[in-house]
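This report refers to the structure that appears directly beneath it.
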2 protein chains.
Amino acid sequence: MGRWEPDARDRLKRAAVDLFVEQGFAETTVPQITARAGLTTRTFFRHFADKREVLFVGEEEFPALVAKMMADAPPSLGPMAVILHGLRTIAEGVFEGQREYMRTRRSVIQTDAGLRERELWKLSALSKAIREGFLERGVDDLTATLAAQAGVTAFGVGITRWLDQDDGSLAEIVRDTLDALRTVLAEPVE
Amino acid sequence: MGRWEPDARDRLKRAAVDLFVEQGFAETTVPQITARAGLTTRTFFRHFADKREVLFVGEEEFPALVAKMMADAPPSLGPMAVILHGLRTIAEGVFEGQREYMRTRRSVIQTDAGLRERELWKLSALSKAIREGFLERGVDDLTATLAAQAGVTAFGVGITRWLDQDDGSLAEIVRDTLDALRTVLAEPVE
DNA sequence: GCCCCGGATGACATCCGGTGTCGTCGGTTA
DNA sequence: TAACCGACGACACCGGATGTCATCCGGGGC
């Protein structure tokens with residue numbers, strides 16, 4: 001599709017992740033990445049908004065995916081059931097089979113504060129999408145916000161647990177984590 | 001205490017916030033801030049780790065504050081009661097009387113993605129501190145993590161609600177928000 | 001089969017955030 | 001009074017990020 005080698009975006013991502021693993025995120029410069037990929041610095045920023053985004057490609061589709069799931073869910077379903085359904089779809093459709101890559105990715109992210117900030121931002125974007133899905137379904141604002149936050153918490157904590165062990169599917173673990181959250185909150189305050 | 005004008009840090013903060021409000025965060029350069037404060041660029045970065053941090057001064061003490069609260073709480077208290085106690089202390093001790101400043105601060109933060117990332121990071125640091133407080137108390141890891149997350153969610157959503165209205169104390173609103181979260185999660189999944 | 005257009009990249013300049021380093025000077029303390 | 005320390009200035013420098021224009025290929029229209 002061009003006069004250059006194909007898959008520029010993918011080459012950039014691979015080169016970047018490799019270098020991050022080899023020598024660290026902060027110690028890797030964009031020129032180093034582009035040199036390995038056979039491209040120029042300017043081209044890197046045409047594909048990724050910034051140096052961090054290269055570790056989050058693919059995730060930009062989550063919000064839209066969740067929005068669709070929620071719009072398609074039967075109106076009779078309660079908030080948490082809707083969330084569980086949406087998150088299970090993402091878990092099974094996107095993360096299944098990616099456990100090893102997700103582990104190396106996490107090991108890189110945990111070495112850099114800026115990357116952890118970006119990860120929180122992505123989870124927040126997911127929460128925002130879920131909240132808006134609820135508003136579309138006529139759920140009141142506070143319930144929508146809190147249900148979305150709870151779901152994302154279960155998802156985030158679930159991913160951590162999933163990466164820390166070798167068995168169990170992400171979908172199951174997320175569901176289990178959500179149950180644990182219910183139990184914790186069910187305990188009387190005083 | 002020196003041959004220069006006093007309160008360099010505070011002058012920098014004031015100059016920065018003023019400029020952010022006047023012309024926006026991204027459009028304000030560090031040299032502009034230091035020029036208004038009568039200092040040099042290098043000095044700005046001696047007081048703040050980066051340009052964003054100027055909007056988060058004071059919050060670095062929250063984790064330590066919560067840790068102390070949790071260590072001092074009676075061992076008989078349940079997780080959510082402990083959290084509620086700690087958050088109420090922060091709410092009353094730090095935020096009371098700051099509603100107007102917090103509103104302008106929020107209006108600046110919401111104009112910049114990087115600032116919102118940093119805000120999430122601060123909440124995450126608070127969550128981390130609460131979690132560690134629970135671990136010290138002998139709570140199991142999962143419960144500690146989830147209770148901390150739930151508390152921070154209530155705190156974050158509570159601050160939003162507090163800023164969106166004119167009456168009610170932050171402590172009350174946080175407590176109310178946590179109750180709402182319990183109610184949402186109490187609903188059966190199917 | 002030719003031509004032109006559009007998309008993707010290169011090349012270059014530039015800005016700004018952030019850091020390392022050293023010099024300077026006043027206040028503090030012995 | 002002399003030595004020290006802490007806060008700031010001055011300067012150089014790196015790397016991330018962006019604007020702009022040139023370039024070149026492939027495809028579609030004719």
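The way I read the labels, and the way they are meant: chains A, B, ... in the order of the structure tokens, residue 1 as the first residue of every chain, and ligand 1 as the first ligand shown, with later ones counted on from there.
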
Subject >> Residue neighbourhood DA2 (chain D), 12 Å, only C-alpha atoms (C1' of nucleotides), exclusion window fewer than 2 positions, as a ChimeraX atom specification >> reply: /C:29-30 /D:4

Subject >> Neighbour list for DA12 (chain D) as an NGL selection string, cut-off 12 Å, only C-alpha atoms (C1' of nucleotides), skip fewer than 4 positions in-chain >> reply: :C and (19-22)

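Closest approach to chain D among A:Arg116, A:Lys128, A:Lys13, A:Arg42: A:Arg42, based on only C-alpha atoms (C1' of nucleotides).
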
Original post:
Any idea which chain C residues end up within 10 Å of chain A if we count only C-alpha atoms (C1' of nucleotides), as number ranges by chain please?
Top reply: C: 7-11

**OP:** Please provide the set of residues having any atom within 12 Å of DG28 (chain D), restricted to only C-alpha atoms (C1' of nucleotides), with same-chain residues fewer than 5 positions apart removed, written as a ChimeraX atom specification.
**Re:** /C:2-6

**OP:** Find the spatial neighbours of region 61-69 of chain B, counting only C-alpha atoms (C1' of nucleotides), within a cut-off of 10 Å - ignore same-chain residues fewer than 3 positions away - and output them as an MDAnalysis selection string.
**Re:** chainID B and resid 57:58 72:74 82:83 85:87 89:90 94 122:123 125:134 136

Selection export as an mmCIF file, in the first residue's frame, atoms kept: N, CA, C and O atoms:
```
data_model
loop_
_atom_site.group_PDB
_atom_site.id
_atom_site.type_symbol
_atom_site.label_atom_id
_atom_site.label_comp_id
_atom_site.auth_asym_id
_atom_site.auth_seq_id
_atom_site.Cartn_x
_atom_site.Cartn_y
_atom_site.Cartn_z
ATOM 1 N N VAL B 57 -0.248 20.445 45.404
ATOM 2 C CA VAL B 57 0.518 20.637 46.639
ATOM 3 C C VAL B 57 -0.412 20.473 47.836
ATOM 4 O O VAL B 57 -1.553 20.898 47.813
ATOM 5 N N GLY B 58 0.103 19.848 48.851
ATOM 6 C CA GLY B 58 -0.688 19.607 50.054
ATOM 7 C C GLY B 58 -1.222 18.198 50.090
ATOM 8 O O GLY B 58 -1.336 17.607 51.157
ATOM 9 N N ASP B 72 -4.231 4.173 64.359
ATOM 10 C CA ASP B 72 -4.762 4.561 65.669
ATOM 11 C C ASP B 72 -6.175 4.037 65.921
ATOM 12 O O ASP B 72 -6.643 4.070 67.053
ATOM 13 N N ALA B 73 -6.848 3.588 64.873
ATOM 14 C CA ALA B 73 -8.236 3.165 65.038
ATOM 15 C C ALA B 73 -8.312 1.891 65.878
ATOM 16 O O ALA B 73 -7.428 1.032 65.811
ATOM 17 N N PRO B 74 -9.361 1.764 66.664
ATOM 18 C CA PRO B 74 -9.546 0.564 67.501
ATOM 19 C C PRO B 74 -9.565 -0.690 66.628
ATOM 20 O O PRO B 74 -10.221 -0.692 65.577
ATOM 21 N N VAL B 82 -13.403 1.886 59.479
ATOM 22 C CA VAL B 82 -12.069 2.489 59.564
ATOM 23 C C VAL B 82 -11.865 3.503 58.444
ATOM 24 O O VAL B 82 -11.400 4.629 58.657
ATOM 25 N N ILE B 83 -12.215 3.104 57.261
ATOM 26 C CA ILE B 83 -12.068 4.000 56.112
ATOM 27 C C ILE B 83 -12.876 5.274 56.308
ATOM 28 O O ILE B 83 -12.399 6.387 56.119
ATOM 29 N N HIS B 85 -13.836 6.665 58.919
ATOM 30 C CA HIS B 85 -13.233 7.512 59.941
ATOM 31 C C HIS B 85 -12.053 8.302 59.381
ATOM 32 O O HIS B 85 -11.935 9.512 59.578
ATOM 33 N N GLY B 86 -11.205 7.620 58.631
ATOM 34 C CA GLY B 86 -10.033 8.271 58.057
ATOM 35 C C GLY B 86 -10.413 9.330 57.036
ATOM 36 O O GLY B 86 -9.888 10.448 57.055
ATOM 37 N N LEU B 87 -11.349 9.007 56.179
ATOM 38 C CA LEU B 87 -11.737 9.959 55.140
ATOM 39 C C LEU B 87 -12.431 11.172 55.754
ATOM 40 O O LEU B 87 -12.267 12.292 55.279
ATOM 41 N N THR B 89 -11.777 12.480 58.589
ATOM 42 C CA THR B 89 -10.739 13.353 59.135
ATOM 43 C C THR B 89 -10.120 14.227 58.050
ATOM 44 O O THR B 89 -9.937 15.432 58.221
ATOM 45 N N ILE B 90 -9.803 13.603 56.919
ATOM 46 C CA ILE B 90 -9.244 14.383 55.814
ATOM 47 C C ILE B 90 -10.263 15.414 55.339
ATOM 48 O O ILE B 90 -9.947 16.587 55.134
ATOM 49 N N VAL B 94 -8.955 19.158 55.960
ATOM 50 C CA VAL B 94 -8.225 19.739 54.841
ATOM 51 C C VAL B 94 -9.137 20.456 53.852
ATOM 52 O O VAL B 94 -8.805 21.542 53.363
ATOM 53 N N LYS B 122 -3.117 10.537 42.104
ATOM 54 C CA LYS B 122 -3.182 10.926 43.510
ATOM 55 C C LYS B 122 -4.220 10.089 44.252
ATOM 56 O O LYS B 122 -3.975 9.649 45.378
ATOM 57 N N LEU B 123 -5.351 9.875 43.624
ATOM 58 C CA LEU B 123 -6.366 9.028 44.248
ATOM 59 C C LEU B 123 -5.834 7.612 44.415
ATOM 60 O O LEU B 123 -6.080 6.957 45.427
ATOM 61 N N ALA B 125 -2.758 6.786 44.847
ATOM 62 C CA ALA B 125 -1.797 6.779 45.958
ATOM 63 C C ALA B 125 -2.532 6.692 47.291
ATOM 64 O O ALA B 125 -2.093 6.006 48.222
ATOM 65 N N LEU B 126 -3.658 7.376 47.360
ATOM 66 C CA LEU B 126 -4.464 7.313 48.575
ATOM 67 C C LEU B 126 -4.975 5.892 48.791
ATOM 68 O O LEU B 126 -4.910 5.342 49.901
ATOM 69 N N SER B 127 -5.441 5.296 47.728
ATOM 70 C CA SER B 127 -5.935 3.926 47.804
ATOM 71 C C SER B 127 -4.842 2.971 48.277
ATOM 72 O O SER B 127 -5.070 2.090 49.105
ATOM 73 N N LYS B 128 -3.657 3.184 47.740
ATOM 74 C CA LYS B 128 -2.521 2.347 48.106
ATOM 75 C C LYS B 128 -2.220 2.452 49.596
ATOM 76 O O LYS B 128 -1.966 1.441 50.275
ATOM 77 N N ALA B 129 -2.268 3.674 50.106
ATOM 78 C CA ALA B 129 -1.992 3.887 51.528
ATOM 79 C C ALA B 129 -3.042 3.201 52.393
ATOM 80 O O ALA B 129 -2.719 2.580 53.417
ATOM 81 N N ILE B 130 -4.291 3.305 51.966
ATOM 82 C CA ILE B 130 -5.356 2.670 52.742
ATOM 83 C C ILE B 130 -5.179 1.153 52.732
ATOM 84 O O ILE B 130 -5.306 0.488 53.765
ATOM 85 N N ARG B 131 -4.864 0.640 51.558
ATOM 86 C CA ARG B 131 -4.650 -0.798 51.456
ATOM 87 C C ARG B 131 -3.545 -1.253 52.411
ATOM 88 O O ARG B 131 -3.696 -2.242 53.140
ATOM 89 N N GLU B 132 -2.450 -0.520 52.424
ATOM 90 C CA GLU B 132 -1.344 -0.906 53.302
ATOM 91 C C GLU B 132 -1.727 -0.781 54.768
ATOM 92 O O GLU B 132 -1.285 -1.572 55.604
ATOM 93 N N GLY B 133 -2.550 0.205 55.069
ATOM 94 C CA GLY B 133 -3.044 0.321 56.433
ATOM 95 C C GLY B 133 -3.819 -0.918 56.843
ATOM 96 O O GLY B 133 -3.681 -1.414 57.964
ATOM 97 N N PHE B 134 -4.599 -1.434 55.928
ATOM 98 C CA PHE B 134 -5.360 -2.659 56.216
ATOM 99 C C PHE B 134 -4.445 -3.851 56.387
ATOM 100 O O PHE B 134 -4.644 -4.686 57.266
ATOM 101 N N GLU B 136 -1.514 -3.848 57.492
ATOM 102 C CA GLU B 136 -0.928 -3.707 58.829
ATOM 103 C C GLU B 136 -1.886 -4.219 59.898
ATOM 104 O O GLU B 136 -1.476 -4.732 60.937
#
```

Original post:
So which bits of region 42-154 of chain A end up helix (DSSP H, G or I) when you DSSP the backbone, as a PyMOL selection string?
Top reply: chain A and resi 42-47+51-55+59-72+79-95+99-109+113-136+141-154

Those residues you just picked out, can you put them in a file as an mmCIF file, in the first residue's frame with C-alpha atoms?
```
data_model
loop_
_atom_site.group_PDB
_atom_site.id
_atom_site.type_symbol
_atom_site.label_atom_id
_atom_site.label_comp_id
_atom_site.auth_asym_id
_atom_site.auth_seq_id
_atom_site.Cartn_x
_atom_site.Cartn_y
_atom_site.Cartn_z
ATOM 1 C CA ARG A 42 8.200 12.294 13.154
ATOM 2 C CA THR A 43 6.510 9.158 11.905
ATOM 3 C CA PHE A 44 6.372 7.706 15.402
ATOM 4 C CA PHE A 45 4.237 10.597 16.561
ATOM 5 C CA ARG A 46 1.983 10.209 13.561
ATOM 6 C CA HIS A 47 1.043 6.758 14.833
ATOM 7 C CA LYS A 51 5.671 7.651 23.773
ATOM 8 C CA ARG A 52 3.419 5.986 26.349
ATOM 9 C CA GLU A 53 0.550 5.229 24.023
ATOM 10 C CA VAL A 54 2.524 2.519 22.283
ATOM 11 C CA LEU A 55 1.843 0.299 25.314
ATOM 12 C CA GLU A 59 -7.462 -0.531 24.299
ATOM 13 C CA GLU A 60 -8.988 2.484 22.606
ATOM 14 C CA GLU A 61 -11.728 0.210 21.352
ATOM 15 C CA PHE A 62 -12.869 -0.885 24.813
ATOM 16 C CA PRO A 63 -15.181 2.029 25.492
ATOM 17 C CA ALA A 64 -16.997 1.621 22.190
ATOM 18 C CA LEU A 65 -17.201 -2.129 22.751
ATOM 19 C CA VAL A 66 -18.717 -1.688 26.180
ATOM 20 C CA ALA A 67 -21.126 0.922 24.891
ATOM 21 C CA LYS A 68 -22.379 -1.504 22.282
ATOM 22 C CA MET A 69 -22.697 -4.342 24.786
ATOM 23 C CA MET A 70 -24.718 -2.170 27.097
ATOM 24 C CA ALA A 71 -26.981 -0.869 24.370
ATOM 25 C CA ASP A 72 -27.695 -4.416 23.226
ATOM 26 C CA PRO A 79 -26.844 -2.624 36.502
ATOM 27 C CA MET A 80 -24.328 -5.119 37.836
ATOM 28 C CA ALA A 81 -25.583 -7.848 35.533
ATOM 29 C CA VAL A 82 -25.098 -5.555 32.559
ATOM 30 C CA ILE A 83 -21.574 -4.679 33.627
ATOM 31 C CA LEU A 84 -20.677 -8.282 34.216
ATOM 32 C CA HIS A 85 -21.872 -9.172 30.761
ATOM 33 C CA GLY A 86 -19.891 -6.380 29.099
ATOM 34 C CA LEU A 87 -16.703 -7.080 30.999
ATOM 35 C CA ARG A 88 -16.925 -10.780 30.297
ATOM 36 C CA THR A 89 -17.110 -10.058 26.596
ATOM 37 C CA ILE A 90 -13.985 -7.923 26.738
ATOM 38 C CA ALA A 91 -12.199 -10.420 28.933
ATOM 39 C CA GLU A 92 -12.916 -13.324 26.639
ATOM 40 C CA GLY A 93 -12.614 -11.526 23.344
ATOM 41 C CA VAL A 94 -9.489 -9.494 23.932
ATOM 42 C CA PHE A 95 -7.431 -10.777 26.828
ATOM 43 C CA ARG A 99 -1.539 -13.521 29.500
ATOM 44 C CA GLU A 100 2.176 -13.683 28.733
ATOM 45 C CA TYR A 101 2.271 -10.463 26.746
ATOM 46 C CA MET A 102 0.181 -8.746 29.402
ATOM 47 C CA ARG A 103 2.696 -9.823 32.016
ATOM 48 C CA THR A 104 5.708 -8.322 30.278
ATOM 49 C CA ARG A 105 3.651 -5.254 29.510
ATOM 50 C CA ARG A 106 2.748 -4.878 33.159
ATOM 51 C CA SER A 107 6.355 -5.310 34.226
ATOM 52 C CA VAL A 108 7.278 -2.377 32.020
ATOM 53 C CA ILE A 109 4.397 -0.208 33.185
ATOM 54 C CA ALA A 113 5.095 6.502 37.122
ATOM 55 C CA GLY A 114 3.960 8.125 33.904
ATOM 56 C CA LEU A 115 2.916 4.778 32.499
ATOM 57 C CA ARG A 116 0.951 3.943 35.613
ATOM 58 C CA GLU A 117 -0.807 7.280 35.317
ATOM 59 C CA ARG A 118 -1.745 6.425 31.764
ATOM 60 C CA GLU A 119 -3.045 3.035 32.815
ATOM 61 C CA LEU A 120 -5.309 4.673 35.380
ATOM 62 C CA TRP A 121 -6.509 7.018 32.676
ATOM 63 C CA LYS A 122 -7.473 4.112 30.457
ATOM 64 C CA LEU A 123 -9.440 2.490 33.236
ATOM 65 C CA SER A 124 -11.095 5.814 33.883
ATOM 66 C CA ALA A 125 -12.078 6.053 30.223
ATOM 67 C CA LEU A 126 -13.648 2.632 30.499
ATOM 68 C CA SER A 127 -15.550 3.723 33.574
ATOM 69 C CA LYS A 128 -16.759 6.813 31.761
ATOM 70 C CA ALA A 129 -18.066 4.724 28.885
ATOM 71 C CA ILE A 130 -19.903 2.391 31.231
ATOM 72 C CA ARG A 131 -21.412 5.310 33.077
ATOM 73 C CA GLU A 132 -22.680 6.812 29.827
ATOM 74 C CA GLY A 133 -24.095 3.466 28.830
ATOM 75 C CA PHE A 134 -26.124 3.457 32.014
ATOM 76 C CA LEU A 135 -27.327 6.987 31.468
ATOM 77 C CA GLU A 136 -28.557 5.876 28.051
ATOM 78 C CA ASP A 141 -26.451 9.603 37.513
ATOM 79 C CA LEU A 142 -25.184 8.534 40.914
ATOM 80 C CA THR A 143 -26.025 4.882 40.422
ATOM 81 C CA ALA A 144 -24.519 4.946 36.947
ATOM 82 C CA THR A 145 -21.291 6.475 38.205
ATOM 83 C CA LEU A 146 -20.902 4.132 41.143
ATOM 84 C CA ALA A 147 -21.832 0.970 39.293
ATOM 85 C CA ALA A 148 -19.343 1.880 36.571
ATOM 86 C CA GLN A 149 -16.614 2.529 39.119
ATOM 87 C CA ALA A 150 -17.315 -0.715 40.910
ATOM 88 C CA GLY A 151 -17.193 -2.644 37.672
ATOM 89 C CA VAL A 152 -13.907 -1.089 36.639
ATOM 90 C CA THR A 153 -12.441 -1.725 40.068
ATOM 91 C CA ALA A 154 -13.344 -5.390 39.776
#
```

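The nearest approach to chain A among the residues D:DA22, D:DC30, D:DA17, D:DA10, with only C-alpha atoms (C1' of nucleotides) taken into account, belongs to D:DA17.
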
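Closest to DG18 (chain C) among D:DT18, D:DG27, D:DA3, D:DC13 is D:DC13, based on only C-alpha atoms (C1' of nucleotides).
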
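Set the cut-off at 10 Å, count only C-alpha atoms (C1' of nucleotides), and the residues of chain D near chain B turn out to be DG6, DA7, DC8, DG9 and DA10 of chain D.
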
Subject >> Surrounding residues of Ala16 (chain B) excluding itself and chain neighbours under 4 positions, 7 Å, only C-alpha atoms (C1' of nucleotides), as a PyMOL selection string >> reply: chain B and resi 12+20+33

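Computed from the coordinates, the CA of Arg9 (chain B) to C1' of DG23 (chain C) distance equals 22.6 Å.
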
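Nearest to chain B of all the residues A:Ala171, A:Val17, A:Leu77, A:Ala49 is A:Leu77, counting only C-alpha atoms.
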
**OP:** Would you mind telling me which residue in B:Asp10, B:Glu96, B:Asp166, B:Asp50 lies nearest to chain A when using only C-alpha atoms?
**Re:** B:Asp50
